[in-house]
>>> print(open('my_file.cif').read())   # mmCIF, C-alpha atoms
data_start
loop_
_atom_site.label_atom_id
_atom_site.label_comp_id
_atom_site.auth_asym_id
_atom_site.auth_seq_id
_atom_site.Cartn_x
_atom_site.Cartn_y
_atom_site.Cartn_z
CA MET P 2 9.02 24.86 29.93
CA LYS P 3 8.90 27.58 32.57
CA LYS P 4 12.04 26.15 34.13
CA ILE P 5 13.99 27.23 31.02
CA PHE P 6 13.15 30.85 31.68
CA SER P 7 14.53 30.51 35.21
CA ILE P 8 17.78 29.01 33.95
CA PHE P 9 18.58 32.17 32.08
CA ALA P 10 17.11 34.64 34.57
CA ILE P 11 19.57 33.71 37.27
CA LEU P 12 22.56 34.87 35.27
CA ILE P 13 21.40 38.48 35.10
CA PHE P 14 22.71 38.85 38.63
CA SER P 15 26.26 38.44 37.38
CA MET P 16 26.13 42.04 36.15
CA PHE P 17 25.35 43.31 39.61
CA PHE P 18 27.54 41.18 41.84
CA ASN P 19 30.66 41.19 39.66
CA ALA P 20 31.68 37.80 40.93
CA LYS P 21 34.86 36.60 39.22
CA ILE P 22 35.61 32.97 38.63
CA PRO P 23 38.57 32.21 40.89
CA ASN P 24 41.57 31.20 38.86
CA THR P 25 43.00 27.73 39.24
CA PRO P 26 46.56 27.63 37.88
CA ILE P 27 46.56 25.49 34.75
CA SER P 28 49.66 24.11 33.11
CA LYS P 29 50.38 25.83 29.81
CA THR P 30 51.05 22.40 28.29
CA LYS P 31 47.36 21.47 28.65
CA ASN P 32 44.67 22.08 26.05
CA ILE P 33 41.22 22.89 27.43
CA TYR P 34 38.25 22.81 25.07
CA LEU P 35 34.78 24.14 25.87
CA ASN P 36 31.40 23.83 24.15
CA ILE P 37 27.72 24.30 24.96
CA SER P 38 25.09 21.71 24.07
CA LEU P 39 21.62 23.07 23.34
CA HIS P 40 18.60 20.77 23.24
CA LEU P 41 16.09 22.17 20.75
CA GLU P 42 12.86 20.56 21.90
CA GLY P 43 9.45 21.29 23.36
CA THR P 44 7.14 21.33 20.33
CA PRO P 45 4.44 18.61 20.24
CA TYR P 46 4.05 16.66 17.00
CA SER P 47 0.58 18.19 16.59
CA GLN P 48 2.15 21.65 16.22
CA ILE P 49 4.86 20.85 13.66
CA SER P 50 2.93 22.44 10.79
CA ASN P 51 2.40 25.64 12.79
CA TYR P 52 4.81 28.17 11.27
CA GLN P 53 4.28 30.69 14.09
CA ARG P 54 5.30 28.05 16.63
CA TYR P 55 8.49 27.40 14.66
CA GLU P 56 9.22 31.12 14.33
CA ARG P 57 8.82 31.65 18.09
CA HIS P 58 11.19 28.77 18.77
CA ILE P 59 13.81 30.21 16.42
CA GLN P 60 13.39 33.61 18.07
CA ALA P 61 13.96 32.08 21.51
CA VAL P 62 17.10 30.27 20.35
CA ASN P 63 18.48 33.38 18.63
CA GLN P 64 17.83 35.54 21.68
CA PHE P 65 20.07 33.12 23.52
CA ILE P 66 22.85 32.41 21.06
CA ILE P 67 23.33 35.77 19.32
CA PRO P 68 24.34 37.76 22.43
CA ILE P 69 26.68 34.93 23.40
CA LYS P 70 28.20 34.94 19.92
CA ASN P 71 28.66 38.71 20.22
CA GLU P 72 30.62 38.29 23.45
CA ASN P 73 32.41 35.13 22.28
CA PRO P 74 32.96 35.22 18.49
CA LYS P 75 34.61 31.79 18.55
CA VAL P 76 31.91 30.09 20.65
CA LYS P 77 30.97 26.56 19.61
CA PHE P 78 27.50 25.13 20.16
CA ASN P 79 26.24 21.59 19.79
CA PHE P 80 22.68 21.92 18.51
CA GLU P 81 20.93 18.70 19.51
CA LEU P 82 17.69 18.50 17.52
CA SER P 83 14.53 16.75 18.65
CA HIS P 84 12.61 14.85 15.99
CA GLN P 85 9.91 17.52 16.12
CA PHE P 86 12.42 20.32 15.49
CA ILE P 87 13.97 18.38 12.60
CA LEU P 88 10.55 18.14 10.97
CA GLN P 89 9.81 21.81 11.68
CA ASP P 90 13.13 22.98 10.25
CA SER P 91 12.57 20.87 7.13
CA MET P 92 9.04 22.19 6.67
CA HIS P 93 9.57 25.87 7.47
CA GLY P 94 13.32 26.53 7.11
CA GLU P 95 13.23 27.84 3.55
CA THR P 96 10.29 30.11 4.34
CA LYS P 97 12.23 31.64 7.21
CA PHE P 98 15.79 31.63 5.85
CA GLY P 99 15.48 31.40 2.05
CA ILE P 100 15.73 28.70 -0.61
CA GLY P 101 18.12 25.90 0.32
CA ASN P 102 18.52 27.17 3.88
CA SER P 103 17.34 26.24 7.36
CA PHE P 104 18.35 27.16 10.87
CA SER P 105 20.35 23.95 11.23
CA LYS P 106 22.19 24.34 7.91
CA ILE P 107 23.20 27.91 8.78
CA GLN P 108 24.61 26.82 12.16
CA LYS P 109 26.46 23.91 10.54
CA ALA P 110 28.04 26.33 8.03
CA GLU P 111 29.28 28.44 10.95
CA GLY P 112 31.15 25.45 12.38
CA HIS P 113 28.74 24.29 15.06
CA SER P 114 27.82 20.63 15.58
CA ILE P 115 24.37 19.37 14.59
CA LEU P 116 23.26 16.23 16.45
CA ILE P 117 20.01 14.45 17.12
CA HIS P 118 18.30 14.56 20.51
CA ALA P 119 16.28 11.42 19.96
CA ASP P 120 14.39 11.32 23.27
CA ILE P 121 13.72 7.60 22.86
CA GLY P 122 14.37 4.52 24.95
CA GLY P 123 12.76 5.84 28.12
CA GLN P 124 10.26 3.01 28.35
CA SER P 125 10.86 -0.70 28.03
CA GLU P 126 11.24 -1.18 24.31
CA SER P 127 12.38 -4.02 22.12
CA ASN P 128 15.31 -3.48 19.79
CA THR P 129 12.83 -3.48 16.90
CA GLU P 130 10.77 -0.64 18.40
CA TYR P 131 13.86 1.35 19.33
CA GLU P 132 15.47 0.94 15.91
CA TYR P 133 12.26 1.90 14.14
CA LYS P 134 12.06 5.20 16.06
CA LEU P 135 15.79 5.85 15.66
CA SER P 136 15.76 5.11 11.92
CA ARG P 137 12.86 7.54 11.38
CA ILE P 138 14.73 10.33 13.15
CA ILE P 139 17.94 9.63 11.22
CA SER P 140 16.06 9.53 7.91
CA ASP P 141 14.36 12.87 8.60
CA PHE P 142 17.67 14.37 9.74
CA GLU P 143 19.25 13.27 6.45
CA THR P 144 16.40 14.93 4.55
CA LEU P 145 17.06 18.16 6.44
CA MET P 146 20.87 18.20 6.40
CA GLY P 147 21.78 16.12 3.36
CA GLU P 148 23.84 13.78 5.50
CA LYS P 149 23.31 11.31 8.32
CA PRO P 150 24.08 12.32 11.91
CA ILE P 151 27.05 10.83 13.71
CA GLY P 152 26.24 12.33 17.14
CA ALA P 153 23.25 11.87 19.44
CA SER P 154 21.78 12.48 22.87
CA GLY P 155 18.59 11.38 24.60
CA ILE P 156 19.18 7.82 23.45
CA CYS P 157 19.62 5.63 26.55
CA GLY P 158 17.26 2.69 26.73
CA THR P 159 16.63 -0.58 28.50
CA ASN P 160 17.39 -2.51 25.32
CA ASP P 161 20.68 -2.94 23.42
CA TRP P 162 20.70 0.76 22.62
CA LEU P 163 24.46 0.98 22.07
CA GLY P 164 24.25 -1.77 19.46
CA SER P 165 21.42 0.06 17.70
CA LEU P 166 23.38 3.31 17.67
CA LYS P 167 26.43 1.62 16.16
CA ASP P 168 24.32 -0.16 13.54
CA ASN P 169 22.83 3.20 12.53
CA GLY P 170 26.12 5.07 12.17
CA ILE P 171 26.17 7.03 15.45
CA LYS P 172 29.78 7.57 16.55
CA TYR P 173 29.51 9.69 19.70
CA ILE P 174 26.97 10.70 22.33
CA THR P 175 26.55 13.51 24.87
CA SER P 176 24.41 14.29 27.91
CA LEU P 177 24.53 10.96 29.74
CA VAL P 178 22.33 10.58 32.81
CA GLU P 179 21.98 7.98 35.58
CA PHE P 180 19.12 6.29 33.69
CA CYS P 181 21.65 5.13 31.09
CA LYS P 182 22.78 2.49 33.59
CA LYS P 183 19.39 0.77 33.51
CA SER P 184 20.36 -1.39 30.53
CA ILE P 185 23.27 -2.90 32.48
CA PHE P 186 22.71 -6.30 34.06
CA LYS P 187 22.20 -5.90 37.80
CA LYS P 188 25.02 -8.32 38.54
CA LYS P 189 27.34 -5.98 36.61
CA LEU P 190 26.32 -2.95 38.67
CA ALA P 191 27.79 -1.91 42.00
CA PRO P 192 25.22 -2.22 44.82
CA THR P 193 25.25 1.57 45.11
CA ASP P 194 23.78 1.70 41.57
CA TRP P 195 21.03 -0.87 42.02
CA TRP P 196 18.48 1.90 42.62
CA VAL P 197 18.69 2.82 38.90
CA LYS P 198 16.78 -0.37 38.11
CA SER P 199 13.75 1.27 39.78
CA CYS P 200 13.77 4.27 37.42
CA VAL P 201 10.49 4.35 35.50
CA THR P 202 11.62 6.98 32.96
CA PRO P 203 14.75 9.10 32.49
CA GLY P 204 12.95 12.01 34.15
CA SER P 205 11.71 10.13 37.21
CA THR P 206 13.10 9.90 40.72
CA VAL P 207 13.58 7.08 43.22
CA PRO P 208 11.34 7.12 45.22
CA GLU P 209 8.96 8.22 42.47
CA ASN P 210 7.48 11.73 42.33
CA GLU P 211 9.93 13.18 44.81
CA ILE P 212 11.89 16.43 44.42
CA PRO P 213 14.93 15.73 42.20
CA TRP P 214 16.95 18.64 43.65
CA ASP P 215 16.80 17.19 47.14
CA PRO P 216 20.24 15.54 47.60
CA SER P 217 18.64 12.66 49.52
CA ILE P 218 16.60 11.72 46.43
CA ARG P 219 18.03 9.60 43.64
CA ASN P 220 17.46 11.46 40.39
CA CYS P 221 17.23 9.24 37.30
CA HIS P 222 18.00 12.31 35.17
CA GLY P 223 21.03 13.22 37.26
CA ILE P 224 24.20 13.87 35.31
CA PHE P 225 26.54 10.91 34.87
CA PRO P 226 29.40 10.63 35.55
CA LYS P 227 29.90 12.72 38.66
CA LEU P 228 32.60 15.38 38.47
CA GLY P 229 35.96 13.71 37.97
CA LYS P 230 38.37 12.55 35.29
CA LEU P 231 35.56 11.18 33.12
CA THR P 232 34.04 14.68 33.02
CA ILE P 233 37.06 16.10 31.23
CA ARG P 234 37.98 13.19 28.97
CA PRO P 235 35.83 11.26 26.50
CA PHE P 236 35.40 7.57 27.21
CA PHE P 237 34.18 4.62 25.18
CA MET P 238 31.06 2.47 25.58
CA LYS P 239 30.81 -0.96 23.98
CA ASN P 240 28.18 -3.26 25.48
CA SER P 241 24.76 -2.03 26.63
CA ARG P 242 24.66 -4.75 29.28
CA ASP P 243 28.08 -3.94 30.74
CA TRP P 244 29.16 -0.52 29.42
CA LEU P 245 30.63 0.67 32.73
CA LYS P 246 33.38 -1.89 32.34
CA ASN P 247 36.75 -0.32 31.58
CA ILE P 248 35.44 3.23 31.06
CA ASN P 249 38.04 4.45 33.54
CA GLN P 250 40.78 3.37 31.14
CA VAL P 251 40.66 6.71 29.34
CA SER P 252 44.30 6.42 28.34
CA MET P 253 43.29 3.78 25.77
CA LEU P 254 42.10 6.33 23.22
CA ASN P 255 44.64 5.04 20.71
CA SER P 256 43.19 1.54 20.57
CA ILE P 257 42.14 0.58 17.06
CA ASN P 258 39.31 -1.46 18.58
CA LYS P 259 37.60 1.76 19.64
CA LYS P 260 36.34 2.20 16.10
CA ARG P 261 33.32 0.01 16.86
CA GLU P 262 32.63 1.65 20.21
CA ILE P 263 30.66 4.78 21.02
CA MET P 264 32.64 7.78 22.23
CA ALA P 265 30.91 9.56 25.11
CA PHE P 266 31.38 13.20 26.11
CA ALA P 267 30.22 13.90 29.65
CA SER P 268 28.67 17.11 31.01
CA MET P 269 29.80 19.40 33.78
CA PRO P 270 27.55 19.13 36.86
CA ILE P 271 25.71 22.44 36.49
CA GLY P 272 22.10 21.55 35.79
CA LYS P 273 19.30 23.90 36.84
CA LEU P 274 21.10 27.10 37.81
CA THR P 275 18.33 28.58 39.94
CA CYS P 276 18.39 25.54 42.22
CA LEU P 277 22.17 25.30 42.67
CA SER P 278 22.07 26.79 46.17
CA ASN P 279 18.64 25.39 47.09
CA SER P 280 17.00 22.10 47.89
CA ALA P 281 13.57 23.20 46.82
CA THR P 282 10.82 22.46 44.36
CA GLU P 283 11.09 23.87 40.88
CA ALA P 284 8.39 26.42 41.66
CA THR P 285 10.28 27.90 44.61
CA CYS P 286 13.85 27.91 43.29
CA LEU P 287 14.51 31.66 43.17
CA GLU P 288 17.15 33.61 41.29
CA ASP P 289 19.70 35.11 43.66
CA HIS P 290 23.39 35.97 43.70
CA MET P 291 24.22 32.78 45.63
CA ASP P 292 23.28 30.76 42.55
CA ILE P 293 25.69 32.83 40.46
CA ILE P 294 28.46 32.23 42.97
CA GLU P 295 27.70 28.50 43.00
CA PHE P 296 27.64 28.42 39.18
CA GLU P 297 31.07 30.01 39.08
CA ASN P 298 32.31 27.65 41.77
CA ARG P 299 31.27 24.67 39.68
CA LEU P 300 33.02 26.01 36.62
CA ASN P 301 36.12 26.43 38.73
CA ASP P 302 35.69 22.93 40.17
CA SER P 303 35.95 21.61 36.62
CA LEU P 304 39.22 23.48 36.18
CA SER P 305 40.46 21.95 39.42
CA VAL P 306 39.78 18.50 37.96
CA VAL P 307 41.73 19.46 34.84
CA ASN P 308 44.61 20.58 37.03
CA SER P 309 44.61 17.40 39.09
CA HIS P 310 45.01 15.04 36.12
CA ASN P 311 47.86 14.82 33.68
CA TYR P 312 45.85 14.93 30.43
CA LYS P 313 47.10 16.98 27.54
CA ASN P 314 43.62 17.40 26.03
CA ASN P 315 40.69 18.23 28.31
CA TYR P 316 37.04 18.72 27.33
CA LEU P 317 34.41 20.76 29.17
CA ASN P 318 30.76 20.69 28.13
CA PHE P 319 27.51 21.81 29.70
CA VAL P 320 23.92 21.38 28.56
CA LEU P 321 21.00 23.81 28.38
CA SER P 322 17.56 23.55 26.83
CA VAL P 323 15.98 26.40 24.87
CA GLY P 324 12.27 26.49 24.23
CA GLU P 325 10.63 29.76 25.30
CA LEU P 326 11.18 33.46 24.75
CA TYR P 327 13.16 35.33 27.39
CA ASN P 328 14.96 38.64 27.77
CA PRO P 329 18.21 38.61 25.75
CA THR P 330 19.86 40.45 28.66
CA TYR P 331 20.06 37.08 30.35
CA SER P 332 22.09 35.53 27.56
CA SER P 333 24.34 38.62 27.48
CA SER P 334 25.10 37.88 31.13
CA ILE P 335 25.95 34.29 30.23
CA GLY P 336 28.17 35.53 27.43
CA LYS P 337 30.11 37.84 29.74
CA VAL P 338 30.65 35.12 32.32
CA LEU P 339 31.87 32.72 29.64
CA LYS P 340 34.08 35.37 28.07
CA ASP P 341 35.89 35.86 31.38
CA PHE P 342 35.99 32.12 32.01
CA THR P 343 37.64 31.33 28.68
CA SER P 344 40.02 34.30 28.52
CA ASP P 345 41.22 34.00 32.12
CA ASN P 346 42.01 30.30 31.74
CA ASN P 347 43.26 30.10 28.14
CA ILE P 348 40.31 27.92 27.06
CA THR P 349 39.53 27.18 23.42
CA TRP P 350 36.02 26.83 22.03
CA LYS P 351 35.67 23.54 20.17
CA SER P 352 32.50 21.72 19.09
CA VAL P 353 31.99 18.16 20.22
CA GLU P 354 32.04 16.88 16.63
CA ASP P 355 35.39 18.58 16.00
CA SER P 356 36.65 17.00 19.23
CA TYR P 357 35.50 13.57 18.05
CA ASN P 358 37.08 13.99 14.62
CA SER P 359 40.38 15.33 15.93
CA THR P 360 40.69 12.50 18.45
CA PHE P 361 40.42 9.84 15.77
CA LYS P 362 42.62 11.76 13.35
CA ARG P 363 45.27 12.14 16.04
CA HIS P 364 45.31 8.39 16.63
CA ARG P 365 44.86 7.53 12.94
CA ILE P 366 41.64 5.69 13.57
CA LYS P 367 39.48 5.84 10.45
#
>>> encode(input="my_file.cif", output="structure tokens")
Amino acid sequence: MKKIFSIFAILIFSMFFNAKIPNTPISKTKNIYLNISLHLEGTPYSQISNYQRYERHIQAVNQFIIPIKNENPKVKFNFELSHQFILQDSMHGETKFGIGNSFSKIQKAEGHSILIHADIGGQSESNTEYEYKLSRIISDFETLMGEKPIGASGICGTNDWLGSLKDNGIKYITSLVEFCKKSIFKKKLAPTDWWVKSCVTPGSTVPENEIPWDPSIRNCHGIFPKLGKLTIRPFFMKNSRDWLKNINQVSMLNSINKKREIMAFASMPIGKLTCLSNSATEATCLEDHMDIIEFENRLNDSLSVVNSHNYKNNYLNFVLSVGELYNPTYSSSIGKVLKDFTSDNNITWKSVEDSYNSTFKRHRIK
């Protein structure tokens, strides 16, 4: 996961270039909520019993989150756990954190969201295969946390994956990508989306094996939806074969029928920071101040979307993956940028699970 190191390295430049996020005037009647989703993944199943591997992973995560917490005491993370990390945390958590404790339990007690990052559905699977994998992850999560998860990511498939999620108690999802459209019947897709049917896996490109950061290449792992009103408002997904239908009707949050639908929280289009100002291969995307400027521009673009729509409640989320050790100076830089971003624009930290719960409470949907 060398690319993870680069994601953080780029932000060190913010200390030297002092670039400020340009302010976009925001109505004081609007609520803006921000959170960060972290995918805790990268350990092969063969290494789950390796305590040193677990300890290094925890160290990497802490070197990222602790400096950010120091700069932003009210920060809210969504920790999205791979199946491997769930098993590791169950096996080694008490050794590391004491009897009855684990990394995930400690973060939950601090008010952060704990989700599953299932990483299933990438290949053609039957509902039976998909549900078997999903049920194993949910069962192991329940062993770790003492409760079943209601949030998930990494779950798009070619099967009836939305039906499986609903049947297994999942209420909301994050981190949607273009591949999620592959389950939709072609006749239900716009011609401009037909290319998704050629995606081999969520991480592939069309044509295959091309550079995903090249704008002329269709990236199956590209963030969906593109920046717009669906980026700042949750939407509902009902039918795996036609889930794009009606998702633009975001004003229908108060519909009682939404109880049996999956609420989706989109991500801001940030992605790999070191490639923001480049169209290059992963190996040659270099850290420079232009990436910092582009990162800040994209944050501000999200505020512009908030300003251009008349929504009282607006939600901003971006996703990172943490797997290797890196210099904590990088995460301090991230923390400082986010501190300015939130304070300058009157933004409130709010976890995605709290956002889900407050939405249904507000509309009295139980």
>>> axis_aligned_box(input="my_file.cif", around="segment 229-241 of chain P", padding_each_side="3 Å", output="lines of an AutoDock Vina configuration file")
center_x = 31.6
center_y = 6.4
center_z = 31.0
size_x = 19.6
size_y = 25.4
size_z = 20.0
>>> residues_around(input="my_file.cif", residues="Lys227 of chain P", least_positions_apart="4", cutoff="10 Å", atoms="all atoms listed in the file", output="ChimeraX atom specification")
/P:178-179,223,231-232,267-270
>>> write_last_selection(input="my_file.cif", atoms="C-alpha atoms", output="mmCIF file, keeping the file's coordinate frame")
data_model
loop_
_atom_site.group_PDB
_atom_site.id
_atom_site.type_symbol
_atom_site.label_atom_id
_atom_site.label_comp_id
_atom_site.auth_asym_id
_atom_site.auth_seq_id
_atom_site.Cartn_x
_atom_site.Cartn_y
_atom_site.Cartn_z
ATOM 1 C CA VAL P 178 22.330 10.580 32.810
ATOM 2 C CA GLU P 179 21.980 7.980 35.580
ATOM 3 C CA GLY P 223 21.030 13.220 37.260
ATOM 4 C CA LEU P 231 35.560 11.180 33.120
ATOM 5 C CA THR P 232 34.040 14.680 33.020
ATOM 6 C CA ALA P 267 30.220 13.900 29.650
ATOM 7 C CA SER P 268 28.670 17.110 31.010
ATOM 8 C CA MET P 269 29.800 19.400 33.780
ATOM 9 C CA PRO P 270 27.550 19.130 36.860
#
>>> resolve_selection(input="my_file.cif", expression="the PyMOL selection byres ((chain P and resi 161) around 12)", output="PyMOL selection string")
chain P and resi 122+125-132+156-160+162-168+181-186+238-244
>>> write_last_selection(input="my_file.cif", atoms="C-alpha atoms", output="mmCIF file, keeping the file's coordinate frame")
data_model
loop_
_atom_site.group_PDB
_atom_site.id
_atom_site.type_symbol
_atom_site.label_atom_id
_atom_site.label_comp_id
_atom_site.auth_asym_id
_atom_site.auth_seq_id
_atom_site.Cartn_x
_atom_site.Cartn_y
_atom_site.Cartn_z
ATOM 1 C CA GLY P 122 14.370 4.520 24.950
ATOM 2 C CA SER P 125 10.860 -0.700 28.030
ATOM 3 C CA GLU P 126 11.240 -1.180 24.310
ATOM 4 C CA SER P 127 12.380 -4.020 22.120
ATOM 5 C CA ASN P 128 15.310 -3.480 19.790
ATOM 6 C CA THR P 129 12.830 -3.480 16.900
ATOM 7 C CA GLU P 130 10.770 -0.640 18.400
ATOM 8 C CA TYR P 131 13.860 1.350 19.330
ATOM 9 C CA GLU P 132 15.470 0.940 15.910
ATOM 10 C CA ILE P 156 19.180 7.820 23.450
ATOM 11 C CA CYS P 157 19.620 5.630 26.550
ATOM 12 C CA GLY P 158 17.260 2.690 26.730
ATOM 13 C CA THR P 159 16.630 -0.580 28.500
ATOM 14 C CA ASN P 160 17.390 -2.510 25.320
ATOM 15 C CA TRP P 162 20.700 0.760 22.620
ATOM 16 C CA LEU P 163 24.460 0.980 22.070
ATOM 17 C CA GLY P 164 24.250 -1.770 19.460
ATOM 18 C CA SER P 165 21.420 0.060 17.700
ATOM 19 C CA LEU P 166 23.380 3.310 17.670
ATOM 20 C CA LYS P 167 26.430 1.620 16.160
ATOM 21 C CA ASP P 168 24.320 -0.160 13.540
ATOM 22 C CA CYS P 181 21.650 5.130 31.090
ATOM 23 C CA LYS P 182 22.780 2.490 33.590
ATOM 24 C CA LYS P 183 19.390 0.770 33.510
ATOM 25 C CA SER P 184 20.360 -1.390 30.530
ATOM 26 C CA ILE P 185 23.270 -2.900 32.480
ATOM 27 C CA PHE P 186 22.710 -6.300 34.060
ATOM 28 C CA MET P 238 31.060 2.470 25.580
ATOM 29 C CA LYS P 239 30.810 -0.960 23.980
ATOM 30 C CA ASN P 240 28.180 -3.260 25.480
ATOM 31 C CA SER P 241 24.760 -2.030 26.630
ATOM 32 C CA ARG P 242 24.660 -4.750 29.280
ATOM 33 C CA ASP P 243 28.080 -3.940 30.740
ATOM 34 C CA TRP P 244 29.160 -0.520 29.420
#
>>> closest_residue(input="my_file.cif", among="P:Gly123, P:Ser83, P:Ile224, P:Ile218", to="Val201 of chain P", atoms="all atoms listed in the file")
P:Gly123
>>> resolve_selection(input="my_file.cif", expression="the PyMOL selection byres ((chain P and resi 340-355) around 7)", output="list in words")
Ile22, Ile33, Tyr34, Leu35, Asn36, Glu72, Asn73, Lys75, Val76, Lys77, Phe78, Asn79, His113, Ser114, Gly336, Lys337, Val338, Leu339, Ser356, Tyr357, Asn358 and Ser359 of chain P
>>> resolve_selection(input="my_file.cif", expression="the PyMOL selection byres ((chain P and resi 84-98) around 8)", output="VMD selection string")
chain P and resid 41 to 42 44 to 46 49 to 50 52 55 to 56 82 to 83 99 to 105 117 to 119 138 141 to 142 144 to 145
>>> atom_distance(input="my_file.cif", atom1="atom CA of Leu228 of chain P", atom2="atom CA of Trp195 of chain P")
20.3 Å
>>> residues_near_point(input="my_file.cif", point="(27.1, 19.4, 7.6)", cutoff="8 Å", atoms="all atoms listed in the file", output="list of chain:residue names")
P:Lys106, P:Lys109, P:Ala110, P:Ile115, P:Met146, P:Gly147, P:Glu148
>>> atom_distance(input="my_file.cif", atom1="atom CA of Ile171 of chain P", atom2="atom CA of His58 of chain P")
26.6 Å
>>> atom_distance(input="my_file.cif", atom1="atom CA of Met264 of chain P", atom2="atom CA of Asn314 of chain P")
15.1 Å
